[in-house]
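The next block holds one structure in the form of structure tokens; read it before the comments.
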Amino acid sequence: MSLSDDDRPTLGANRDALLDRVCYALFSRHADRSRHDGDRDRYRATDLHVPFDLYVSRLYALSWLAAALGFLVGAALTLSLRATTLRGIADFVQTGLPLLAPGTVPVVSETAVAAAVGLLVAAAAKLGSRLLGGRYLAWLAAARRSAIEATLPGAVRYLRALSTGSDDQREMLRKVAANREAYGETAVACRTVLNKAELTGSLDDGLRIVARDTPSRDALAPFLLKFREHADQGSAELTSYLRMEARMLGHRQSRDRNRAEGFLELLAELFIVLLVLPALLVIVLTVMSVLTPGLNQPASTPLGPVTPRALLVYGSGGFVLAVGACAAALVASLRPPTGRPSYRRPAGLLDVLGTATTNPSSAAVVWALPAVLFALIVFTAGERVVAAVLLGYVAYAVPVGLVATRRARLDDAKDREIKDFVHAVSGHVALGRPFAAAVDLVARDVDLGPLDEDVADLAFNATLTTRDGDLRAAALQRFVDRVGTPLAEQTMGLVTGALDAGSDVETVFDTLQTEVGRLYHEKKSLRNAMLVYVAVGWTVALLVVGIMVAVNGYVLDSFAQLSAVSTPGTGFVLDSDAVDVGREHYRFYVVTQCTMLASGWFAGVANRDRYDALLQSGLLVLVAHVVFRGAGMI
């Protein structure tokens, strides 16, 4: 009997539930031990939807699985060693410890040694996985704290605009919670306050519980406690407090941004060092291999014979990729979360194809298959596997990155015009005109470039729906969706909630004008500050290309000629097989391309986002391939 599509998710969910029940029955008792008290506190600071007992049960099950795998790997690697290697290790220990007399370190059987090593690796894997589970909770809490502190100032300014038209604290918090796109983890915290208030029947209890559990002890926790205190004293007192708190949080956010910029400078300097050193290491190893033939002697491994120099060279390439990925992740974490655009891919296949030139998320799907086909064609034409894969990466990354760049420029133009749009509407509202009439006048009289069609659509819908606040809110939401930028979400969402709460229109637009100017200025300042790190990424990449090409073109050929003419009778003999020019060219090419990828990821994330990281890394990989191919080195 065949299963329908509706049955398969149910079976998968039942299978996961069965595994959870087994884990819970075997390991849930560990959750009450004192060793997990710190983990429980960190768990409260996260937003995990898994009960703590079940999380600990899964963690212990995973630790036992890691122990089993560790035992197998440790024992298998030990059994792959030769008996002479084990004897050498025993002699090394005996020589290094002066208290041991000769012959006191016996040589036991390989099976016993493999079992002992396997048990040690298993114990380390089990303990390490448990510790990693606790650290994972701490990382989640730290990430959530950073996200809250980045979005709290904007949420407080939104609450201040809402307070001019409503004194219902639950409704104010509900409106913040509804703006998840604009206020991120602060909106999640407000939703948690409302849920706790529903369970306890008291908003005070909900505020106290969230203030106790939040990871943002220095920002969100005191704000929640003071929010209710000032709300009880009246709407005027609450508005005054929110105005003061928004100003203080804004100053604090500026200080945090300055500290982040200082950390970025240190990160860029460290990035340069870590990317240049592996390239220099490969050059030094190549030179040393001529004088040290042992580096070219193959050693047996479970994967086959590998020379120490090849292992170091390709290990350097992997290290460079890891450095680039970590540096890009750190830069992404330092960028404000509310300033990152999010592109949603349409559901239908035809819609995905139709938006492939305007939506980077759609382009990322559409260009995947052509890139794979291109890589296969290039490989069939004679390119080596690594070069073919890299060219396929270029065929995928560059078109997707170009679509993202085109979309980003359009979004930048809209953000620039939305500032002028808000300023123009604010002027008409200050003269006493209704919101719909103000938008209609701006749509007819002001040239807003790429924003013209969106404003005209808003003017039409606002004119039709001025008698119904809900429909007016829907018109504003439609405008935000059409513009599709984080700045529009953060600013026009404030208008929607505040007008719906009954706030004064002139006060709302005065607040909006200040907010949109501040956000646009922050966006431009961030972009200008990040351009230097884009230059750092490209400079490091091109420097490595130049060094590698120079060494390949002059040093390697000289050593190859020197080793070829050396004879035993001269007293100076070089290994004739130490330098294989074709092999060295290929290894240098691999390490160089790893550096191109790492530099491109760093520069792209610093400039915009992961799509720009694709574009920058793809262009750098293409440059390196053209240079190596043009110089005849691959």
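Just remember, in the structure tokens the first chain shown is A, the second B, etc., residues are 1-based per chain, and ligands are 1-based in the order shown.
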
Name the residues in contact with A:Asn359 at a cut-off of 12 Å, using only C-alpha atoms, excluding same-chain residues fewer than 3 positions from it; report them as number ranges by chain.
A: 341-346, 351-356, 362-366, 399-408, 410-411, 484, 611

I want to know what sits within 12 Å of A:Ser57, based on only C-alpha atoms, with residues of the same chain fewer than 3 positions away left out; could you give that as a list in words?
Leu19, Asp20, Arg21, Val22, Cys23, Tyr24, Ala25, Leu26, Phe27, Ser28, Arg29, His30, Ala31, Asp32, His36, Val50, Pro51, Phe52, Asp53, Leu54, Tyr60, Ala61, Leu62, Ser63, Trp64, Arg130 and Gly133 of chain A

Close residues, stretch 221-228 of chain A itself excluded, 12 Å, only C-alpha atoms, min 4 positions apart in chain, as a PyMOL selection string:
chain A and resi 45+145+148-149+152-153+155-156+159-160+163+167-170+172-173+186+189-190+193+202-217+232-235+237-246+248-249

Could the residues in this selection be written to a file with N, CA and C atoms, as a compact mmCIF listing (two decimals), in the first residue's frame?
```txt
# COMPACT_ATOMS: atom_id res chain seq x y z
N ALA A 45 16.62 32.14 29.49
CA ALA A 45 16.96 33.33 28.71
C ALA A 45 16.84 33.12 27.21
N ARG A 145 20.18 38.41 23.53
CA ARG A 145 20.43 39.67 24.23
C ARG A 145 20.86 40.75 23.24
N ILE A 148 17.82 41.87 21.23
CA ILE A 148 16.91 42.71 22.01
C ILE A 148 17.46 44.12 22.15
N GLU A 149 18.73 44.23 22.50
CA GLU A 149 19.30 45.54 22.73
C GLU A 149 19.42 46.34 21.43
N LEU A 152 15.39 47.30 20.88
CA LEU A 152 14.62 47.94 21.96
C LEU A 152 14.45 49.45 21.77
N PRO A 153 15.48 50.21 21.35
CA PRO A 153 15.25 51.65 21.17
C PRO A 153 14.12 51.98 20.19
N ALA A 155 11.57 50.06 19.43
CA ALA A 155 10.30 49.66 20.03
C ALA A 155 9.83 50.69 21.07
N VAL A 156 10.76 51.26 21.82
CA VAL A 156 10.39 52.28 22.82
C VAL A 156 9.87 53.53 22.13
N LEU A 159 6.38 52.79 21.14
CA LEU A 159 5.49 52.87 22.31
C LEU A 159 5.20 54.31 22.68
N ARG A 160 6.19 55.17 22.52
CA ARG A 160 5.95 56.58 22.82
C ARG A 160 4.90 57.17 21.88
N SER A 163 1.56 55.90 22.94
CA SER A 163 1.07 56.42 24.22
C SER A 163 0.34 57.75 24.09
N ASP A 167 -3.92 54.59 26.47
CA ASP A 167 -3.30 54.29 27.75
C ASP A 167 -3.51 52.82 28.14
N ASP A 168 -3.89 51.98 27.17
CA ASP A 168 -4.09 50.55 27.40
C ASP A 168 -2.73 49.86 27.18
N GLN A 169 -2.11 49.46 28.29
CA GLN A 169 -0.76 48.90 28.17
C GLN A 169 -0.74 47.58 27.41
N ARG A 170 -1.76 46.75 27.60
CA ARG A 170 -1.80 45.49 26.87
C ARG A 170 -1.88 45.72 25.37
N MET A 172 -0.88 48.36 23.72
CA MET A 172 0.39 48.91 23.25
C MET A 172 1.42 47.80 23.05
N LEU A 173 1.54 46.92 24.04
CA LEU A 173 2.47 45.81 23.91
C LEU A 173 2.08 44.86 22.78
N THR A 186 12.64 42.00 20.58
CA THR A 186 11.85 42.81 21.50
C THR A 186 10.37 42.53 21.31
N ALA A 189 9.67 39.31 23.03
CA ALA A 189 9.56 39.50 24.49
C ALA A 189 8.20 40.10 24.87
N CYS A 190 7.71 41.03 24.07
CA CYS A 190 6.38 41.60 24.35
C CYS A 190 5.28 40.54 24.20
N VAL A 193 5.33 38.52 27.30
CA VAL A 193 4.68 39.24 28.41
C VAL A 193 3.17 39.04 28.34
N SER A 202 -2.54 38.66 35.31
CA SER A 202 -2.04 39.96 35.74
C SER A 202 -0.91 40.39 34.82
N LEU A 203 -1.02 41.61 34.29
CA LEU A 203 0.05 42.13 33.45
C LEU A 203 1.32 42.37 34.26
N ASP A 204 1.15 42.77 35.52
CA ASP A 204 2.32 42.96 36.40
C ASP A 204 3.14 41.68 36.51
N ASP A 205 2.46 40.55 36.70
CA ASP A 205 3.17 39.28 36.81
C ASP A 205 3.87 38.93 35.51
N GLY A 206 3.20 39.18 34.39
CA GLY A 206 3.84 38.91 33.10
C GLY A 206 5.09 39.74 32.90
N LEU A 207 5.03 41.02 33.26
CA LEU A 207 6.20 41.88 33.14
C LEU A 207 7.33 41.42 34.05
N ARG A 208 7.00 41.04 35.28
CA ARG A 208 8.02 40.61 36.22
C ARG A 208 8.68 39.30 35.78
N ILE A 209 7.88 38.36 35.26
CA ILE A 209 8.43 37.07 34.83
C ILE A 209 9.40 37.26 33.67
N VAL A 210 9.00 38.06 32.67
CA VAL A 210 9.88 38.27 31.52
C VAL A 210 11.11 39.07 31.93
N ALA A 211 10.96 40.04 32.82
CA ALA A 211 12.11 40.80 33.31
C ALA A 211 13.09 39.89 34.05
N ARG A 212 12.56 38.87 34.74
CA ARG A 212 13.43 37.95 35.45
C ARG A 212 14.18 37.01 34.50
N ASP A 213 13.52 36.58 33.44
CA ASP A 213 14.10 35.56 32.57
C ASP A 213 14.86 36.12 31.37
N THR A 214 14.65 37.39 31.04
CA THR A 214 15.27 37.92 29.82
C THR A 214 16.79 37.96 29.94
N PRO A 215 17.52 37.69 28.85
CA PRO A 215 18.98 37.82 28.90
C PRO A 215 19.46 39.26 28.92
N SER A 216 18.58 40.19 28.57
CA SER A 216 18.96 41.61 28.56
C SER A 216 18.66 42.21 29.93
N ARG A 217 19.53 41.91 30.89
CA ARG A 217 19.31 42.35 32.27
C ARG A 217 19.55 43.84 32.45
N ASP A 232 0.98 53.35 35.53
CA ASP A 232 -0.02 53.55 36.58
C ASP A 232 -0.19 55.01 36.96
N GLN A 233 0.76 55.86 36.60
CA GLN A 233 0.69 57.27 36.97
C GLN A 233 0.02 58.13 35.91
N GLY A 234 -0.46 57.53 34.82
CA GLY A 234 -1.18 58.27 33.79
C GLY A 234 -0.44 58.30 32.47
N SER A 235 -1.20 58.62 31.41
CA SER A 235 -0.63 58.60 30.06
C SER A 235 0.43 59.68 29.87
N GLU A 237 2.52 60.92 32.13
CA GLU A 237 3.74 60.47 32.78
C GLU A 237 4.41 59.35 31.98
N LEU A 238 3.59 58.46 31.41
CA LEU A 238 4.14 57.37 30.60
C LEU A 238 4.81 57.91 29.35
N THR A 239 4.17 58.88 28.69
CA THR A 239 4.76 59.46 27.48
C THR A 239 6.08 60.14 27.79
N SER A 240 6.13 60.87 28.91
CA SER A 240 7.37 61.53 29.31
C SER A 240 8.47 60.51 29.58
N TYR A 241 8.11 59.44 30.29
CA TYR A 241 9.11 58.41 30.59
C TYR A 241 9.61 57.74 29.31
N LEU A 242 8.70 57.43 28.38
CA LEU A 242 9.12 56.77 27.14
C LEU A 242 10.01 57.67 26.30
N ARG A 243 9.72 58.98 26.31
CA ARG A 243 10.57 59.92 25.58
C ARG A 243 11.99 59.92 26.15
N MET A 244 12.09 59.98 27.48
CA MET A 244 13.39 59.98 28.13
C MET A 244 14.11 58.64 27.91
N GLU A 245 13.38 57.53 28.04
CA GLU A 245 13.99 56.22 27.88
C GLU A 245 14.47 56.00 26.45
N ALA A 246 13.70 56.49 25.47
CA ALA A 246 14.13 56.35 24.07
C ALA A 246 15.42 57.12 23.83
N MET A 248 17.76 57.83 26.10
CA MET A 248 18.85 57.14 26.79
C MET A 248 19.27 55.87 26.05
N LEU A 249 18.29 55.10 25.57
CA LEU A 249 18.62 53.89 24.82
C LEU A 249 19.31 54.21 23.50
```

Spatial neighbours of A:Ala75, max dist 7 Å, only C-alpha atoms, sep filter under 5 positions, as a VMD selection string:
chain A and resid 114 to 115 117 to 118

When DSSP is applied to the backbone of this structure, which of stretch 134-354 of chain A are assigned helix (DSSP H, G or I)? Write them out as a tab-separated table (two decimals) with C-alpha atoms, in the first residue's frame.
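Output (part.tsv):
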```tsv
chain	number	residue	atom	x	y	z
A	134	GLY	CA	25.41	24.05	27.77
A	135	ARG	CA	27.48	26.45	25.73
A	136	TYR	CA	24.86	26.32	22.99
A	137	LEU	CA	22.28	27.66	25.43
A	138	ALA	CA	24.69	30.42	26.43
A	139	TRP	CA	25.26	31.33	22.75
A	140	LEU	CA	21.52	31.46	22.13
A	141	ALA	CA	21.04	33.69	25.17
A	142	ALA	CA	23.87	36.00	24.10
A	143	ALA	CA	22.53	36.26	20.55
A	144	ARG	CA	19.05	37.00	21.88
A	145	ARG	CA	20.43	39.67	24.23
A	146	SER	CA	22.20	41.39	21.34
A	147	ALA	CA	19.04	41.24	19.21
A	148	ILE	CA	16.91	42.71	22.01
A	149	GLU	CA	19.30	45.54	22.73
A	150	ALA	CA	19.51	46.37	19.00
A	151	THR	CA	15.72	46.59	18.57
A	152	LEU	CA	14.62	47.94	21.96
A	153	PRO	CA	15.25	51.65	21.17
A	154	GLY	CA	13.00	51.53	18.11
A	155	ALA	CA	10.30	49.66	20.03
A	156	VAL	CA	10.39	52.28	22.82
A	157	ARG	CA	9.99	55.09	20.27
A	158	TYR	CA	7.02	53.20	18.83
A	159	LEU	CA	5.49	52.87	22.31
A	160	ARG	CA	5.95	56.58	22.82
A	161	ALA	CA	3.97	57.31	19.64
A	162	LEU	CA	1.27	54.86	20.76
A	163	SER	CA	1.07	56.42	24.22
A	169	GLN	CA	-0.76	48.90	28.17
A	170	ARG	CA	-1.80	45.49	26.87
A	171	GLU	CA	-2.85	46.95	23.54
A	172	MET	CA	0.39	48.91	23.25
A	173	LEU	CA	2.47	45.81	23.91
A	174	ARG	CA	0.29	43.83	21.50
A	175	LYS	CA	1.04	46.30	18.69
A	176	VAL	CA	4.78	46.01	19.33
A	177	ALA	CA	4.50	42.22	19.37
A	178	ALA	CA	2.69	42.31	16.02
A	180	ARG	CA	8.08	41.18	14.47
A	181	GLU	CA	9.84	42.25	11.27
A	182	ALA	CA	10.67	45.70	12.66
A	183	TYR	CA	11.32	44.96	16.33
A	184	GLY	CA	12.64	41.40	16.26
A	185	GLU	CA	13.36	39.84	19.65
A	186	THR	CA	11.85	42.81	21.50
A	187	ALA	CA	8.55	41.97	19.80
A	188	VAL	CA	9.01	38.34	20.90
A	189	ALA	CA	9.56	39.50	24.49
A	190	CYS	CA	6.38	41.60	24.35
A	191	ARG	CA	4.46	38.60	23.06
A	192	THR	CA	5.83	36.54	25.96
A	193	VAL	CA	4.68	39.24	28.41
A	194	LEU	CA	1.15	39.02	27.00
A	195	ASN	CA	1.16	35.22	27.13
A	196	LYS	CA	2.35	35.19	30.74
A	197	ALA	CA	-0.25	37.81	31.60
A	198	GLU	CA	-2.98	35.60	30.12
A	199	LEU	CA	-1.79	32.64	32.16
A	200	THR	CA	-1.44	34.53	35.46
A	203	LEU	CA	0.05	42.13	33.45
A	204	ASP	CA	2.32	42.96	36.40
A	205	ASP	CA	3.17	39.28	36.81
A	206	GLY	CA	3.84	38.91	33.10
A	207	LEU	CA	6.20	41.88	33.14
A	208	ARG	CA	8.02	40.61	36.22
A	209	ILE	CA	8.43	37.07	34.83
A	210	VAL	CA	9.88	38.27	31.52
A	211	ALA	CA	12.11	40.80	33.31
A	212	ARG	CA	13.43	37.95	35.45
A	213	ASP	CA	14.10	35.56	32.57
A	220	LEU	CA	14.93	45.25	28.74
A	221	ALA	CA	14.52	44.08	32.34
A	222	PRO	CA	14.60	47.56	33.97
A	223	PHE	CA	12.47	48.97	31.15
A	224	LEU	CA	9.69	46.42	31.68
A	225	LEU	CA	9.63	47.05	35.43
A	226	LYS	CA	9.53	50.83	35.03
A	227	PHE	CA	7.01	50.68	32.18
A	228	ARG	CA	4.21	49.44	34.43
A	229	GLU	CA	5.23	51.77	37.25
A	230	HIS	CA	4.96	54.87	35.05
A	231	ALA	CA	1.85	53.57	33.27
A	235	SER	CA	-0.63	58.60	30.06
A	236	ALA	CA	1.24	61.93	30.34
A	237	GLU	CA	3.74	60.47	32.78
A	238	LEU	CA	4.14	57.37	30.60
A	239	THR	CA	4.76	59.46	27.48
A	240	SER	CA	7.37	61.53	29.31
A	241	TYR	CA	9.11	58.41	30.59
A	242	LEU	CA	9.12	56.77	27.14
A	243	ARG	CA	10.57	59.92	25.58
A	244	MET	CA	13.39	59.98	28.13
A	245	GLU	CA	13.99	56.22	27.88
A	246	ALA	CA	14.13	56.35	24.07
A	247	ARG	CA	16.77	59.08	24.26
A	248	MET	CA	18.85	57.14	26.79
A	249	LEU	CA	18.62	53.89	24.82
A	250	GLY	CA	19.59	55.75	21.66
A	251	HIS	CA	22.76	57.05	23.33
A	252	ARG	CA	23.54	53.58	24.60
A	253	GLN	CA	23.04	52.13	21.14
A	254	SER	CA	25.46	54.70	19.72
A	255	ARG	CA	28.11	53.68	22.27
A	256	ASP	CA	27.59	50.03	21.43
A	257	ARG	CA	27.94	50.83	17.74
A	258	ASN	CA	31.23	52.61	18.36
A	259	ARG	CA	32.52	49.61	20.32
A	260	ALA	CA	31.45	47.32	17.47
A	261	GLU	CA	33.35	49.47	14.98
A	262	GLY	CA	36.47	49.20	17.16
A	263	PHE	CA	36.06	45.44	17.28
A	264	LEU	CA	35.67	45.37	13.50
A	265	GLU	CA	38.98	47.15	13.08
A	266	LEU	CA	40.69	44.51	15.23
A	267	LEU	CA	38.89	41.76	13.31
A	268	ALA	CA	40.05	43.17	9.98
A	269	GLU	CA	43.67	43.28	11.14
A	270	LEU	CA	43.47	39.71	12.41
A	271	PHE	CA	41.77	38.66	9.17
A	272	ILE	CA	44.66	40.03	7.10
A	273	VAL	CA	47.23	38.16	9.17
A	274	LEU	CA	45.35	34.85	9.15
A	275	LEU	CA	44.79	34.95	5.39
A	276	VAL	CA	48.31	35.91	4.39
A	277	LEU	CA	50.10	33.48	6.72
A	278	PRO	CA	48.80	30.26	5.09
A	279	ALA	CA	49.94	31.47	1.67
A	280	LEU	CA	53.40	32.22	3.06
A	281	LEU	CA	53.43	28.83	4.81
A	282	VAL	CA	52.79	27.05	1.52
A	283	ILE	CA	55.65	28.96	-0.10
A	284	VAL	CA	58.02	28.12	2.77
A	285	LEU	CA	57.02	24.44	2.65
A	286	THR	CA	57.69	24.34	-1.08
A	287	VAL	CA	61.18	25.76	-0.60
A	288	MET	CA	61.88	23.51	2.39
A	289	SER	CA	60.83	20.40	0.49
A	290	VAL	CA	63.86	20.84	-1.75
A	291	LEU	CA	66.18	20.77	1.24
A	293	PRO	CA	63.15	15.29	1.32
A	294	GLY	CA	61.24	13.84	4.31
A	295	LEU	CA	58.38	16.23	3.64
A	296	ASN	CA	57.75	14.41	0.35
A	308	PRO	CA	53.20	15.60	5.03
A	309	ARG	CA	53.60	18.56	2.68
A	310	ALA	CA	50.40	17.79	0.79
A	311	LEU	CA	48.58	17.48	4.09
A	312	LEU	CA	49.90	20.85	5.27
A	313	VAL	CA	49.15	22.57	1.95
A	314	TYR	CA	45.55	21.40	1.68
A	315	GLY	CA	45.10	21.85	5.42
A	316	SER	CA	46.14	25.48	4.93
A	317	GLY	CA	43.44	25.85	2.29
A	318	GLY	CA	40.82	24.45	4.66
A	319	PHE	CA	42.06	26.75	7.40
A	320	VAL	CA	41.67	29.76	5.12
A	321	LEU	CA	38.09	28.77	4.30
A	322	ALA	CA	37.29	28.38	8.00
A	323	VAL	CA	38.80	31.80	8.77
A	324	GLY	CA	36.75	33.42	6.00
A	325	ALA	CA	33.52	31.79	7.15
A	326	CYS	CA	34.10	32.78	10.80
A	327	ALA	CA	35.06	36.34	9.89
A	328	ALA	CA	31.97	36.72	7.70
A	329	ALA	CA	29.76	35.35	10.48
A	330	LEU	CA	31.26	37.80	12.99
A	331	VAL	CA	30.76	40.74	10.65
A	332	ALA	CA	27.15	39.68	10.03
A	333	SER	CA	26.52	39.47	13.78
A	334	LEU	CA	27.85	43.01	14.26
A	337	PRO	CA	19.55	42.98	12.60
A	338	THR	CA	16.77	45.39	11.65
A	339	GLY	CA	18.82	46.74	8.76
A	349	LEU	CA	7.32	27.73	-9.82
A	350	LEU	CA	6.16	30.23	-12.45
A	351	ASP	CA	6.30	33.04	-9.90
A	352	VAL	CA	9.83	32.01	-8.95
A	353	LEU	CA	10.89	32.11	-12.61
A	354	GLY	CA	9.12	35.43	-13.12
```

What separates atom CA of A:Thr491 and atom CA of A:Ala459 is a distance of 17.4 Å

Could you check which of A:Arg40, A:Arg478, A:His585, A:Arg608 is closest to A:Val534, using only C-alpha atoms?
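Between A:Arg40, A:Arg478, A:His585, A:Arg608, the residue approaching A:Val534 most closely is A:Arg608.
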
Quick one: residues within 7 Å of stretch 434-450 of chain A, only C-alpha atoms counted, chain neighbours fewer than 3 positions away excluded, as JSON, numbers by chain?
{"A": [413, 414, 417, 424, 425, 428, 429, 455, 456, 459, 462, 463, 466]}

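Every protein or nucleic acid residue with an atom no more than 9 Å from A:Ala624, counting only C-alpha atoms and leaving out same-chain residues fewer than 3 positions away, appears here: Ala541, Leu542, Val545, Tyr589, Thr592, Gln593, Met596, Leu619, Leu620, Val621, Val627, Phe628 and Arg629 of chain A.
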